[in-house]
$ cat entry.pdb   # PDB, C-alpha atoms and all ligand atoms
ATOM      1  CA  MET G   1     -27.556  -3.818   7.927
ATOM      2  CA  LYS G   2     -25.230  -6.786   8.474
ATOM      3  CA  CYS G   3     -21.602  -7.316   7.515
ATOM      4  CA  THR G   4     -21.448  -9.417   4.352
ATOM      5  CA  VAL G   5     -18.466 -11.311   5.760
ATOM      6  CA  CYS G   6     -19.260 -11.993   9.455
ATOM      7  CA  ARG G   7     -22.987 -11.036   9.754
ATOM      8  CA  GLY G   8     -22.101  -8.667  12.637
ATOM      9  CA  PRO G   9     -23.476  -5.093  12.649
ATOM     10  CA  ALA G  10     -22.299  -3.225   9.520
ATOM     11  CA  VAL G  11     -21.202   0.416   9.621
ATOM     12  CA  ILE G  12     -20.959   1.069   5.867
ATOM     13  CA  ASP G  13     -22.448  -0.311   2.684
ATOM     14  CA  VAL G  14     -20.552  -0.353  -0.597
ATOM     15  CA  ARG G  15     -23.278  -0.658  -3.201
ATOM     16  CA  ARG G  16     -20.762  -0.961  -6.012
ATOM     17  CA  HIS G  17     -19.722  -4.299  -4.512
ATOM     18  CA  ASN G  18     -23.214  -5.148  -3.279
ATOM     19  CA  ALA G  19     -21.716  -5.496   0.186
ATOM     20  CA  ALA G  20     -21.765  -4.015   3.701
ATOM     21  CA  PHE G  21     -19.030  -4.257   6.281
ATOM     22  CA  CYS G  22     -18.303  -4.083  10.013
ATOM     23  CA  PRO G  23     -15.271  -1.903  10.884
ATOM     24  CA  GLU G  24     -12.852  -4.821  10.841
ATOM     25  CA  HIS G  25     -13.967  -6.230   7.522
ATOM     26  CA  PHE G  26     -14.220  -2.786   5.967
ATOM     27  CA  THR G  27     -10.557  -2.202   6.825
ATOM     28  CA  LEU G  28      -9.697  -5.523   5.204
ATOM     29  CA  HIS G  29     -11.823  -4.610   2.157
ATOM     30  CA  CYS G  30      -9.845  -1.376   1.690
ATOM     31  CA  ARG G  31      -6.537  -3.212   2.012
ATOM     32  CA  ASP G  32      -7.702  -5.773  -0.491
ATOM     33  CA  GLN G  33      -8.669  -3.082  -3.008
ATOM     34  CA  VAL G  34      -5.220  -1.497  -2.722
ATOM     35  CA  ARG G  35      -3.509  -4.883  -2.948
ATOM     36  CA  ARG G  36      -5.474  -5.608  -6.111
ATOM     37  CA  ALA G  37      -4.602  -2.236  -7.669
ATOM     38  CA  LEU G  38      -0.898  -2.718  -6.888
ATOM     39  CA  HIS G  39      -0.978  -6.190  -8.385
ATOM     40  CA  GLU G  40      -3.204  -5.523 -11.429
ATOM     41  CA  HIS G  41      -1.072  -2.628 -12.594
ATOM     42  CA  ALA G  42       2.315  -3.920 -11.367
ATOM     43  CA  MET G  43       2.818  -0.676  -9.437
ATOM     44  CA  LEU G  44       5.611  -1.629  -7.049
ATOM     45  CA  ARG G  45       8.608  -3.931  -6.928
ATOM     46  CA  PRO G  46       9.828  -5.200  -3.538
ATOM     47  CA  ILE G  47      13.083  -3.259  -3.869
ATOM     48  CA  ASP G  48      11.459   0.111  -4.630
ATOM     49  CA  ARG G  49      11.969   3.085  -2.347
ATOM     50  CA  VAL G  50       8.517   4.654  -2.200
ATOM     51  CA  LEU G  51       7.612   8.284  -1.526
ATOM     52  CA  VAL G  52       3.953   9.076  -0.710
ATOM     53  CA  ALA G  53       2.777  12.592  -1.515
ATOM     54  CA  VAL G  54       0.934  13.473   1.690
ATOM     55  CA  SER G  55      -1.375  16.480   1.535
ATOM     56  CA  GLY G  56      -2.933  15.972   4.982
ATOM     57  CA  GLY G  57      -6.307  15.122   3.399
ATOM     58  CA  LYS G  58      -8.113  11.797   3.791
ATOM     59  CA  ASP G  59      -6.883  10.169   0.593
ATOM     60  CA  SER G  60      -3.147  10.511   1.016
ATOM     61  CA  LEU G  61      -3.218   9.748   4.768
ATOM     62  CA  ALA G  62      -5.335   6.649   4.111
ATOM     63  CA  LEU G  63      -2.890   5.691   1.355
ATOM     64  CA  TRP G  64       0.099   5.996   3.668
ATOM     65  CA  ASP G  65      -1.703   3.894   6.277
ATOM     66  CA  LEU G  66      -2.887   1.267   3.773
ATOM     67  CA  LEU G  67       0.563   0.868   2.229
ATOM     68  CA  ALA G  68       2.055   0.280   5.705
ATOM     69  CA  ALA G  69      -0.596  -2.377   6.358
ATOM     70  CA  LEU G  70       0.569  -4.083   3.159
ATOM     71  CA  ASP G  71       4.202  -3.926   4.364
ATOM     72  CA  VAL G  72       5.169  -1.114   2.006
ATOM     73  CA  ASP G  73       7.418   1.091   4.081
ATOM     74  CA  ALA G  74       7.040   4.496   2.404
ATOM     75  CA  ASP G  75       8.282   7.923   3.483
ATOM     76  CA  GLY G  76       6.029  10.970   3.109
ATOM     77  CA  LEU G  77       6.523  14.260   1.271
ATOM     78  CA  HIS G  78       4.354  17.214   2.207
ATOM     79  CA  LEU G  79       4.321  20.487   0.274
ATOM     80  CA  ARG G  80       3.416  23.615   2.206
ATOM     81  CA  LEU G  81       1.536  25.493  -0.480
ATOM     82  CA  GLY G  82       0.940  28.757   1.383
ATOM     83  CA  ILE G  83      -2.858  28.784   0.991
ATOM     84  CA  GLY G  84      -3.556  30.475   4.351
ATOM     85  CA  ASP G  85      -5.317  28.559   7.124
ATOM     86  CA  TYR G  86      -6.141  25.742   4.733
ATOM     87  CA  SER G  87      -2.453  24.938   4.272
ATOM     88  CA  GLU G  88      -1.669  25.381   7.973
ATOM     89  CA  GLU G  89      -4.324  22.861   8.927
ATOM     90  CA  SER G  90      -3.210  20.443   6.186
ATOM     91  CA  THR G  91       0.381  20.564   7.441
ATOM     92  CA  ARG G  92      -0.786  19.994  10.991
ATOM     93  CA  ALA G  93      -2.709  16.841   9.973
ATOM     94  CA  ALA G  94       0.203  15.452   7.931
ATOM     95  CA  ARG G  95       2.652  15.989  10.801
ATOM     96  CA  ALA G  96       0.254  14.551  13.389
ATOM     97  CA  TYR G  97      -0.030  11.293  11.431
ATOM     98  CA  ALA G  98       3.730  11.053  10.906
ATOM     99  CA  THR G  99       4.440  11.641  14.596
ATOM    100  CA  ALA G 100       1.772   9.219  15.826
ATOM    101  CA  HIS G 101       3.029   6.443  13.527
ATOM    102  CA  ALA G 102       6.752   7.258  13.757
ATOM    103  CA  ARG G 103       7.060   7.828  10.002
ATOM    104  CA  THR G 104       9.520  10.029   8.115
ATOM    105  CA  LEU G 105       7.783  13.092   6.657
ATOM    106  CA  HIS G 106       9.801  15.383   4.388
ATOM    107  CA  GLU G 107       8.484  18.906   3.923
ATOM    108  CA  VAL G 108       8.998  21.532   1.241
ATOM    109  CA  ASP G 109       7.845  25.046   2.063
ATOM    110  CA  LEU G 110       7.015  26.761  -1.227
ATOM    111  CA  ALA G 111       7.346  30.323   0.076
ATOM    112  CA  GLY G 112      10.722  29.680   1.715
ATOM    113  CA  GLU G 113      12.339  27.135  -0.606
ATOM    114  CA  VAL G 114      10.791  27.793  -4.011
ATOM    115  CA  GLY G 115      10.134  31.497  -3.690
ATOM    116  CA  PHE G 116       6.386  31.596  -4.345
ATOM    117  CA  THR G 117       3.082  30.378  -2.917
ATOM    118  CA  VAL G 118       0.192  28.866  -4.880
ATOM    119  CA  PRO G 119      -1.946  32.042  -4.538
ATOM    120  CA  ALA G 120       0.962  34.132  -5.902
ATOM    121  CA  ALA G 121       1.502  31.714  -8.803
ATOM    122  CA  ALA G 122      -2.206  31.672  -9.599
ATOM    123  CA  ALA G 123      -2.309  35.479  -9.656
ATOM    124  CA  ALA G 124       0.627  35.572 -12.059
ATOM    125  CA  THR G 125      -0.892  33.148 -14.576
ATOM    126  CA  HIS G 126      -4.464  34.470 -14.901
ATOM    127  CA  ARG G 127      -5.617  30.869 -15.141
ATOM    128  CA  VAL G 128      -7.511  28.694 -12.678
ATOM    129  CA  PRO G 129      -5.329  28.294  -9.560
ATOM    130  CA  CYS G 130      -5.322  24.505  -9.882
ATOM    131  CA  SER G 131      -3.278  24.614 -13.074
ATOM    132  CA  ALA G 132      -0.275  26.445 -11.556
ATOM    133  CA  CYS G 133      -0.741  24.389  -8.398
ATOM    134  CA  GLY G 134      -0.817  21.067 -10.276
ATOM    135  CA  LEU G 135       2.214  21.999 -12.386
ATOM    136  CA  SER G 136       4.171  22.943  -9.241
ATOM    137  CA  LYS G 137       3.169  19.791  -7.373
ATOM    138  CA  ARG G 138       4.154  17.463 -10.222
ATOM    139  CA  HIS G 139       7.498  19.216 -10.621
ATOM    140  CA  LEU G 140       8.301  19.202  -6.904
ATOM    141  CA  PHE G 141       7.194  15.593  -6.272
ATOM    142  CA  ASN G 142       9.339  14.336  -9.117
ATOM    143  CA  GLY G 143      12.325  16.577  -8.367
ATOM    144  CA  PHE G 144      12.353  15.543  -4.709
ATOM    145  CA  ALA G 145      12.079  11.839  -5.566
ATOM    146  CA  VAL G 146      14.872  11.948  -8.144
ATOM    147  CA  GLU G 147      17.149  14.002  -5.932
ATOM    148  CA  HIS G 148      16.661  11.784  -2.880
ATOM    149  CA  GLY G 149      16.783   8.408  -4.597
ATOM    150  CA  TYR G 150      13.118   7.364  -4.434
ATOM    151  CA  ASP G 151      12.040   5.069  -7.276
ATOM    152  CA  VAL G 152       8.317   5.758  -7.023
ATOM    153  CA  VAL G 153       5.957   8.600  -6.135
ATOM    154  CA  ALA G 154       2.539   7.399  -4.906
ATOM    155  CA  THR G 155      -0.357   9.858  -4.835
ATOM    156  CA  GLY G 156      -3.798   9.607  -3.262
ATOM    157  CA  HIS G 157      -5.822  10.085  -6.458
ATOM    158  CA  ASN G 158      -8.928   7.947  -5.929
ATOM    159  CA  LEU G 159     -11.650   6.399  -8.077
ATOM    160  CA  ASP G 160     -13.773   9.583  -7.983
ATOM    161  CA  ASP G 161     -10.832  11.820  -8.949
ATOM    162  CA  GLU G 162      -9.756   9.626 -11.832
ATOM    163  CA  ALA G 163     -13.273   9.037 -13.155
ATOM    164  CA  ALA G 164     -13.921  12.814 -13.116
ATOM    165  CA  VAL G 165     -10.682  13.511 -14.999
ATOM    166  CA  LEU G 166     -11.580  10.788 -17.493
ATOM    167  CA  LEU G 167     -15.035  12.269 -18.069
ATOM    168  CA  GLY G 168     -13.464  15.694 -18.658
ATOM    169  CA  ASN G 169     -10.974  14.253 -21.124
ATOM    170  CA  VAL G 170     -13.680  12.331 -22.979
ATOM    171  CA  LEU G 171     -16.053  15.306 -23.173
ATOM    172  CA  ARG G 172     -13.366  17.282 -24.997
ATOM    173  CA  TRP G 173     -11.724  14.301 -26.730
ATOM    174  CA  GLU G 174      -8.372  15.226 -25.267
ATOM    175  CA  THR G 175      -6.657  12.332 -27.001
ATOM    176  CA  GLU G 176      -3.161  13.136 -25.752
ATOM    177  CA  TYR G 177      -4.343  13.302 -22.161
ATOM    178  CA  LEU G 178      -6.342  10.101 -22.655
ATOM    179  CA  ALA G 179      -3.202   8.321 -23.841
ATOM    180  CA  ARG G 180      -1.407   9.430 -20.688
ATOM    181  CA  GLN G 181      -4.144   8.918 -18.080
ATOM    182  CA  ALA G 182      -2.969   5.757 -16.346
ATOM    183  CA  PRO G 183      -2.696   4.264 -12.865
ATOM    184  CA  VAL G 184       1.062   3.879 -13.477
ATOM    185  CA  LEU G 185       3.405   6.149 -15.402
ATOM    186  CA  PRO G 186       6.726   4.395 -15.961
ATOM    187  CA  ALA G 187      10.044   5.875 -14.894
ATOM    188  CA  GLY G 188      12.242   7.490 -17.532
ATOM    189  CA  ALA G 189      15.387   9.584 -17.655
ATOM    190  CA  GLY G 190      14.907  12.156 -14.877
ATOM    191  CA  PHE G 191      11.463  10.773 -13.980
ATOM    192  CA  ALA G 192      10.495   8.553 -11.040
ATOM    193  CA  ARG G 193       7.597   6.121 -11.596
ATOM    194  CA  LYS G 194       4.183   7.562 -10.612
ATOM    195  CA  VAL G 195       1.507   5.297  -9.136
ATOM    196  CA  LYS G 196      -2.086   5.756  -7.960
ATOM    197  CA  PRO G 197      -2.869   2.816  -5.663
ATOM    198  CA  LEU G 198      -6.323   4.166  -4.651
ATOM    199  CA  VAL G 199      -7.952   3.891  -8.092
ATOM    200  CA  ARG G 200     -10.272   1.141  -6.797
ATOM    201  CA  LEU G 201     -11.523   3.103  -3.755
ATOM    202  CA  GLY G 202     -14.046   5.962  -3.737
ATOM    203  CA  GLU G 203     -14.012   9.163  -1.701
ATOM    204  CA  ARG G 204     -16.729   7.968   0.662
ATOM    205  CA  GLU G 205     -14.810   4.774   1.419
ATOM    206  CA  LEU G 206     -11.603   6.687   2.096
ATOM    207  CA  ALA G 207     -13.321   9.082   4.498
ATOM    208  CA  ALA G 208     -14.876   6.099   6.307
ATOM    209  CA  TYR G 209     -11.497   4.367   6.429
ATOM    210  CA  CYS G 210      -9.931   7.384   8.165
ATOM    211  CA  VAL G 211     -12.771   7.583  10.683
ATOM    212  CA  ILE G 212     -12.540   3.869  11.490
ATOM    213  CA  ARG G 213      -8.751   4.014  11.783
ATOM    214  CA  ARG G 214      -9.001   7.244  13.841
ATOM    215  CA  ILE G 215      -6.880   9.184  11.377
ATOM    216  CA  ASP G 216      -7.382  12.891  11.857
ATOM    217  CA  TYR G 217      -7.359  14.638   8.457
ATOM    218  CA  GLN G 218      -7.939  18.038   6.860
ATOM    219  CA  VAL G 219     -11.666  17.947   6.109
ATOM    220  CA  GLU G 220     -11.927  21.244   4.220
ATOM    221  CA  GLU G 221     -11.607  21.333   0.452
ATOM    222  CA  CYS G 222      -9.027  23.706  -0.978
ATOM    223  CA  PRO G 223     -10.613  27.202  -1.073
ATOM    224  CA  MET G 224      -8.911  27.928  -4.409
ATOM    225  CA  ALA G 225     -10.497  24.914  -6.119
ATOM    226  CA  ALA G 226     -14.085  26.262  -5.868
ATOM    227  CA  GLY G 227     -15.683  26.289  -9.306
ATOM    228  CA  ASN G 228     -13.219  23.721 -10.620
ATOM    229  CA  ARG G 229     -14.852  21.778 -13.465
ATOM    230  CA  HIS G 230     -13.954  18.447 -11.951
ATOM    231  CA  LEU G 231     -16.253  19.120  -9.023
ATOM    232  CA  SER G 232     -19.273  19.228 -11.324
ATOM    233  CA  TYR G 233     -18.088  16.080 -13.120
ATOM    234  CA  LYS G 234     -17.921  14.349  -9.749
ATOM    235  CA  GLU G 235     -21.512  15.393  -9.010
ATOM    236  CA  LEU G 236     -22.695  14.093 -12.373
ATOM    237  CA  LEU G 237     -20.921  10.780 -11.879
ATOM    238  CA  ASN G 238     -22.367  10.451  -8.361
ATOM    239  CA  GLU G 239     -25.839  10.925  -9.795
ATOM    240  CA  LEU G 240     -25.227   8.151 -12.324
ATOM    241  CA  GLU G 241     -23.684   5.936  -9.635
ATOM    242  CA  HIS G 242     -26.709   6.475  -7.404
ATOM    243  CA  ARG G 243     -29.059   5.280 -10.139
ATOM    244  CA  SER G 244     -26.844   2.462 -11.228
ATOM    245  CA  PRO G 245     -24.188   1.393  -8.696
ATOM    246  CA  GLY G 246     -20.950   0.282 -10.318
ATOM    247  CA  THR G 247     -21.115   2.731 -13.226
ATOM    248  CA  LYS G 248     -18.174   4.831 -12.065
ATOM    249  CA  GLY G 249     -15.903   1.868 -11.405
ATOM    250  CA  ALA G 250     -16.776   0.256 -14.731
ATOM    251  CA  PHE G 251     -16.154   3.548 -16.565
ATOM    252  CA  LEU G 252     -12.645   3.875 -15.155
ATOM    253  CA  ALA G 253     -11.604   0.212 -15.047
ATOM    254  CA  GLY G 254     -12.904  -0.349 -18.581
ATOM    255  CA  PHE G 255     -10.892   2.611 -19.809
ATOM    256  CA  PHE G 256      -7.699   1.269 -18.230
ATOM    257  CA  GLU G 257      -8.340  -2.225 -19.600
ATOM    258  CA  ARG G 258      -9.719  -1.533 -23.060
ATOM    259  CA  GLY G 259      -9.788   2.169 -23.837
ATOM    260  CA  ARG G 260      -6.499   3.816 -23.109
ATOM    261  CA  ALA G 261      -4.285   1.789 -25.426
ATOM    262  CA  ARG G 262      -6.392   2.958 -28.382
ATOM    263  CA  PHE G 263      -5.230   6.514 -27.829
ATOM    264  CA  ALA G 264      -1.533   5.671 -27.838
ATOM    265  CA  THR G 265       0.162   6.857 -31.022
ATOM    266  CA  ASP G 266       3.234   5.637 -32.851
ATOM    267  CA  GLU G 267       4.551   9.152 -33.146
ATOM    268  CA  PRO G 268       7.992   9.372 -31.559
ATOM    269  CA  ALA G 269       7.925  11.047 -28.155
ATOM    270  CA  VAL G 270       9.118  14.653 -28.094
ATOM    271  CA  PRO G 271      12.845  14.540 -27.248
ATOM    272  CA  LEU G 272      13.616  15.867 -23.788
ATOM    273  CA  ARG G 273      16.624  17.771 -22.553
ATOM    274  CA  ARG G 274      17.564  19.227 -19.197
ATOM    275  CA  CYS G 275      16.154  22.567 -18.071
ATOM    276  CA  VAL G 276      19.034  25.053 -18.076
ATOM    277  CA  GLU G 277      17.841  26.450 -14.759
ATOM    278  CA  CYS G 278      16.887  23.445 -12.639
ATOM    279  CA  GLY G 279      17.975  20.368 -14.603
ATOM    280  CA  ALA G 280      14.470  18.848 -14.846
ATOM    281  CA  PRO G 281      13.614  16.985 -18.075
ATOM    282  CA  THR G 282      11.781  19.284 -20.491
ATOM    283  CA  PRO G 283      11.130  19.656 -24.237
ATOM    284  CA  SER G 284      12.162  23.321 -24.112
ATOM    285  CA  GLU G 285      15.217  25.201 -22.913
ATOM    286  CA  VAL G 286      13.581  26.289 -19.649
ATOM    287  CA  CYS G 287      10.998  24.003 -18.022
ATOM    288  CA  ALA G 288       7.385  25.088 -17.411
ATOM    289  CA  PHE G 289       7.991  25.299 -13.670
ATOM    290  CA  CYS G 290      10.976  27.639 -14.009
ATOM    291  CA  ARG G 291       8.998  29.766 -16.486
ATOM    292  CA  LEU G 292       6.198  29.991 -13.933
ATOM    293  CA  ARG G 293       8.680  30.960 -11.236
ATOM    294  CA  ALA G 294      10.065  33.714 -13.464
ATOM    295  CA  ARG G 295       6.565  35.069 -14.149
ATOM    296  CA  VAL G 296       5.764  35.230 -10.454
ATOM    297  CA  ALA G 297       9.073  36.996  -9.760
ATOM    298  CA  GLU G 298       8.360  39.614 -12.454
ATOM    299  CA  ARG G 299       5.200  40.778 -10.699
ATOM    300  CA  PRO G 300       5.523  43.861  -8.526
TER     301      PRO G 300
HETATM  302  P1  LIG N 401      -5.193  17.059  -5.410
HETATM  303  O1  LIG N 401      -4.325  17.564  -6.492
HETATM  304  O2  LIG N 401      -5.396  18.032  -4.285
HETATM  305  O3  LIG N 401      -6.438  16.372  -5.860
HETATM  306  O4  LIG N 401      -4.339  15.895  -4.728
HETATM  307  C1  LIG N 401      -4.020  14.708  -5.385
HETATM  308  C2  LIG N 401      -2.900  14.030  -4.635
HETATM  309  O5  LIG N 401      -1.728  14.850  -4.713
HETATM  310  C3  LIG N 401      -3.144  13.836  -3.147
HETATM  311  O6  LIG N 401      -3.859  12.664  -2.873
HETATM  312  C4  LIG N 401      -1.746  13.774  -2.615
HETATM  313  O7  LIG N 401      -1.174  12.504  -2.813
HETATM  314  C5  LIG N 401      -1.016  14.775  -3.494
HETATM  315  N1  LIG N 401      -0.975  16.122  -2.869
HETATM  316  C6  LIG N 401      -1.873  17.125  -3.003
HETATM  317  N2  LIG N 401      -1.509  18.206  -2.286
HETATM  318  C7  LIG N 401      -0.338  17.896  -1.682
HETATM  319  C8  LIG N 401       0.555  18.584  -0.794
HETATM  320  N3  LIG N 401       0.312  19.838  -0.392
HETATM  321  N4  LIG N 401       1.662  17.934  -0.388
HETATM  322  C9  LIG N 401       1.914  16.674  -0.778
HETATM  323  N5  LIG N 401       1.108  15.978  -1.597
HETATM  324  C10 LIG N 401       0.001  16.571  -2.040
HETATM  325 FE1  LIG N 402      -3.934  23.282  -5.570
HETATM  326 FE2  LIG N 402      -5.876  24.136  -4.168
HETATM  327  S1  LIG N 402      -4.504  22.586  -3.632
HETATM  328  S2  LIG N 402      -5.255  24.920  -6.055
HETATM  329 ZN    ZN N 403     -17.533  -8.267   9.587
HETATM  330 ZN    ZN N 404      13.419  24.135 -14.618
END

$ encode --input "entry.pdb" --output "structure tokens" --more "lines below"
Ligand code: AMP
Ligand code: FES
Ligand code: ZN
Ligand code: ZN
Amino acid sequence: MKCTVCRGPAVIDVRRHNAAFCPEHFTLHCRDQVRRALHEHAMLRPIDRVLVAVSGGKDSLALWDLLAALDVDADGLHLRLGIGDYSEESTRAARAYATAHARTLHEVDLAGEVGFTVPAAAAATHRVPCSACGLSKRHLFNGFAVEHGYDVVATGHNLDDEAAVLLGNVLRWETEYLARQAPVLPAGAGFARKVKPLVRLGERELAAYCVIRRIDYQVEECPMAAGNRHLSYKELLNELEHRSPGTKGAFLAGFFERGRARFATDEPAVPLRRCVECGAPTPSEVCAFCRLRARVAERP
């Protein structure tokens, strides 16, 4: 297998692009995909202060690294979720990257600063752990950004993640979610802009990027996510991609280009006010995060 660019020995093929790359040109390919995503979706302005949500996994560490290569000087935010050894190892990887590259990494320890861990929240809700976890993450990313003057929160959601979420939303015709599934969510009162610069890169490419760049990352999947529906959607999409390379990318890119706008409605947005407990924007008196916190506190 030869590099499509320089004809030197290739270390990875990317069938979706009908290409193979040597380490150097693969690194450039990844940068180019992020540059294109930033540009296509007008994700960042030169003056923006950017906060990267860094889990310690391959996607968010690759994102932090790729943004720096594109001269985007972002700080990191890591949430310590309290999921046993899994969280300990994730924190270790996030800190190791920050130290090695002299980057600022903010940390929020859920148990100490919020008063609950993800396992405790999951137990209190009787729903899949990922729903309380996702709600908490979104709330804390946004709250931290707003409080500390960051304009944008960038997350490591990749092509596989977004295509799996899209498939789930389509299978149930979740029209409201479809209207909101976007690579950029604009800022609003009390909301920083949210961007997903990795929407053009797949999981396999991001793992290879970390190996080539010698980025040490948390390899384990979250133990609480086992049985999550999105994992089976990813398998299905991989099967389709294997038979017909490019399917996954076309599914997601086509939705962003031609599908999503059709789900937008003219109905006025629900008016938001400030949560009486934490000040976050919310349609109700107390925001969903503070309600979750109260439920966890009620448990013996
Ligand atoms: P996940 O929800 O685990 O699929 O992660 C999606 C994205 O959310 C990651 O790529 C990160 O950008 C961010 N993220 C997930 N977990 C954490 C964490 N513990 N701390 C900071 N960011 C996180
Ligand atoms: Fe959220 Fe596992 S990281 S449930
Ligand atoms: Zn090459
Ligand atoms: Zn609140």

$ resolve_selection --input "entry.pdb" --expression "the PyMOL selection byres (((chain G and resi 172-177) around 12) and not hetatm)" --output "MDAnalysis selection string"
chainID G and resid 165:171 178:182 259:265 267 269

$ resolve_selection --input "entry.pdb" --expression "the PyMOL selection byres (((not hetatm)) within 7 of (chain N and resi 403))" --output "list in words"
Cys3, Thr4, Val5, Cys6, Arg7, Gly8, Ala10, Phe21, Cys22, Pro23, Glu24 and His25 of chain G

$ resolve_selection --input "entry.pdb" --expression "the PyMOL selection byres (((chain G and resi 76) around 6) and not hetatm)" --output "list in words"
Leu51, Val52, Ala53, Val54, Asp75, Leu77, Leu105 and His106 of chain G

$ atom_distance --input "entry.pdb" --atom1 "CA of Arg293 in chain G" --atom2 "atom ZN of ligand ZN 404 (chain N)"
9.0 Å

$ closest_residue --input "entry.pdb" --among "G:Lys196, G:Arg291, G:Arg214, G:Lys58" --to "Ala42 in chain G" --atoms "only C-alpha atoms"
G:Lys196

$ residues_near_ligand --input "entry.pdb" --ligand "ligand LIG 402 (chain N)" --cutoff "7 Å" --atoms "all atoms listed in the file" --output "PyMOL selection string"
chain G and resi 118+129-130+133-134+222-225

$ atom_distance --input "entry.pdb" --atom1 "CA of Ala288 in chain G" --atom2 "CA of Leu110 in chain G"
16.3 Å

$ closest_residue --input "entry.pdb" --among "G:Ala37, G:Val211, G:Val219, G:Leu81" --to "Pro197 in chain G" --atoms "all atoms listed in the file"
G:Ala37

$ atom_distance --input "entry.pdb" --atom1 "CA of Phe116 in chain G" --atom2 "CA of Pro300 in chain G"
13.0 Å

$ axis_aligned_box --input "entry.pdb" --around "range 13-30 of chain G" --padding-each-side "3 Å" --output "lines of an AutoDock Vina configuration file"
center_x = -16.5
center_y = -3.3
center_z = 2.4
size_x = 19.6
size_y = 11.9
size_z = 22.9

$ residues_near_ligand --input "entry.pdb" --ligand "ligand ZN 404 (chain N)" --cutoff "9 Å" --atoms "all atoms listed in the file" --output "ChimeraX atom specification"
/G:139,274-282,285-291,293

$ closest_residue --input "entry.pdb" --among "G:Leu206, G:Met1, G:Ala163, G:Val11" --to "Leu61 in chain G" --atoms "only C-alpha atoms"
G:Leu206

$ closest_residue --input "entry.pdb" --among "G:Leu38, G:Cys30, G:Ala164, G:Ala253" --to "ligand LIG 401 (chain N)" --atoms "all atoms listed in the file"
G:Ala164

$ closest_residue --input "entry.pdb" --among "G:Ala294, G:Val108, G:Leu28, G:Leu159" --to "Glu203 in chain G" --atoms "only C-alpha atoms"
G:Leu159

$ closest_residue --input "entry.pdb" --among "G:His157, G:His242, G:Arg45, G:His39" --to "ligand LIG 401 (chain N)" --atoms "only C-alpha atoms and all ligand atoms"
G:His157

$ residues_near_point --input "entry.pdb" --point "(-3.7, 8.0, -0.7)" --cutoff "7 Å" --atoms "all atoms listed in the file" --output "PyMOL selection string"
chain G and resi 59-64+155-157+198

$ residues_near_point --input "entry.pdb" --point "(-19.9, 10.6, -13.1)" --cutoff "9 Å" --atoms "all atoms listed in the file" --output "JSON list (two decimals) with C-alpha atoms, keeping the file's coordinate frame"
[["chain", "number", "residue", "atom", "x", "y", "z"],
["G", 160, "ASP", "CA", -13.77, 9.58, -7.98],
["G", 163, "ALA", "CA", -13.27, 9.04, -13.16],
["G", 164, "ALA", "CA", -13.92, 12.81, -13.12],
["G", 167, "LEU", "CA", -15.04, 12.27, -18.07],
["G", 232, "SER", "CA", -19.27, 19.23, -11.32],
["G", 233, "TYR", "CA", -18.09, 16.08, -13.12],
["G", 234, "LYS", "CA", -17.92, 14.35, -9.75],
["G", 235, "GLU", "CA", -21.51, 15.39, -9.01],
["G", 236, "LEU", "CA", -22.70, 14.09, -12.37],
["G", 237, "LEU", "CA", -20.92, 10.78, -11.88],
["G", 238, "ASN", "CA", -22.37, 10.45, -8.36],
["G", 239, "GLU", "CA", -25.84, 10.92, -9.80],
["G", 240, "LEU", "CA", -25.23, 8.15, -12.32],
["G", 241, "GLU", "CA", -23.68, 5.94, -9.64],
["G", 247, "THR", "CA", -21.12, 2.73, -13.23],
["G", 248, "LYS", "CA", -18.17, 4.83, -12.06],
["G", 251, "PHE", "CA", -16.15, 3.55, -16.57]]

$ residues_around --input "entry.pdb" --residues "range 147-149 of chain G" --least-positions-apart "3" --cutoff "8 Å" --atoms "only C-alpha atoms" --output "PyMOL selection string"
chain G and resi 49+143-144

$ decode --input "entry.pdb" --residues "range 71-78 of chain G" --atoms "N, CA and C atoms" --output "mmCIF file, in the first residue's frame"
data_model
loop_
_atom_site.group_PDB
_atom_site.id
_atom_site.type_symbol
_atom_site.label_atom_id
_atom_site.label_comp_id
_atom_site.auth_asym_id
_atom_site.auth_seq_id
_atom_site.Cartn_x
_atom_site.Cartn_y
_atom_site.Cartn_z
ATOM 1 N N ASP G 71 -3.503 26.607 14.531
ATOM 2 C CA ASP G 71 -3.322 27.907 15.213
ATOM 3 C C ASP G 71 -4.524 28.352 16.015
ATOM 4 N N VAL G 72 -5.351 27.410 16.446
ATOM 5 C CA VAL G 72 -6.456 27.760 17.349
ATOM 6 C C VAL G 72 -5.982 27.402 18.759
ATOM 7 N N ASP G 73 -5.796 28.444 19.552
ATOM 8 C CA ASP G 73 -5.194 28.279 20.866
ATOM 9 C C ASP G 73 -6.316 28.081 21.893
ATOM 10 N N ALA G 74 -6.726 26.840 22.108
ATOM 11 C CA ALA G 74 -7.874 26.577 22.981
ATOM 12 C C ALA G 74 -7.424 26.063 24.341
ATOM 13 N N ASP G 75 -8.167 26.410 25.385
ATOM 14 C CA ASP G 75 -7.948 25.803 26.702
ATOM 15 C C ASP G 75 -8.827 24.562 26.798
ATOM 16 N N GLY G 76 -8.504 23.676 27.750
ATOM 17 C CA GLY G 76 -9.280 22.451 27.922
ATOM 18 C C GLY G 76 -10.145 22.501 29.174
ATOM 19 N N LEU G 77 -11.243 21.764 29.143
ATOM 20 C CA LEU G 77 -12.075 21.580 30.347
ATOM 21 C C LEU G 77 -12.321 20.087 30.503
ATOM 22 N N HIS G 78 -11.924 19.558 31.641
ATOM 23 C CA HIS G 78 -12.135 18.129 31.896
ATOM 24 C C HIS G 78 -13.070 17.960 33.087
#
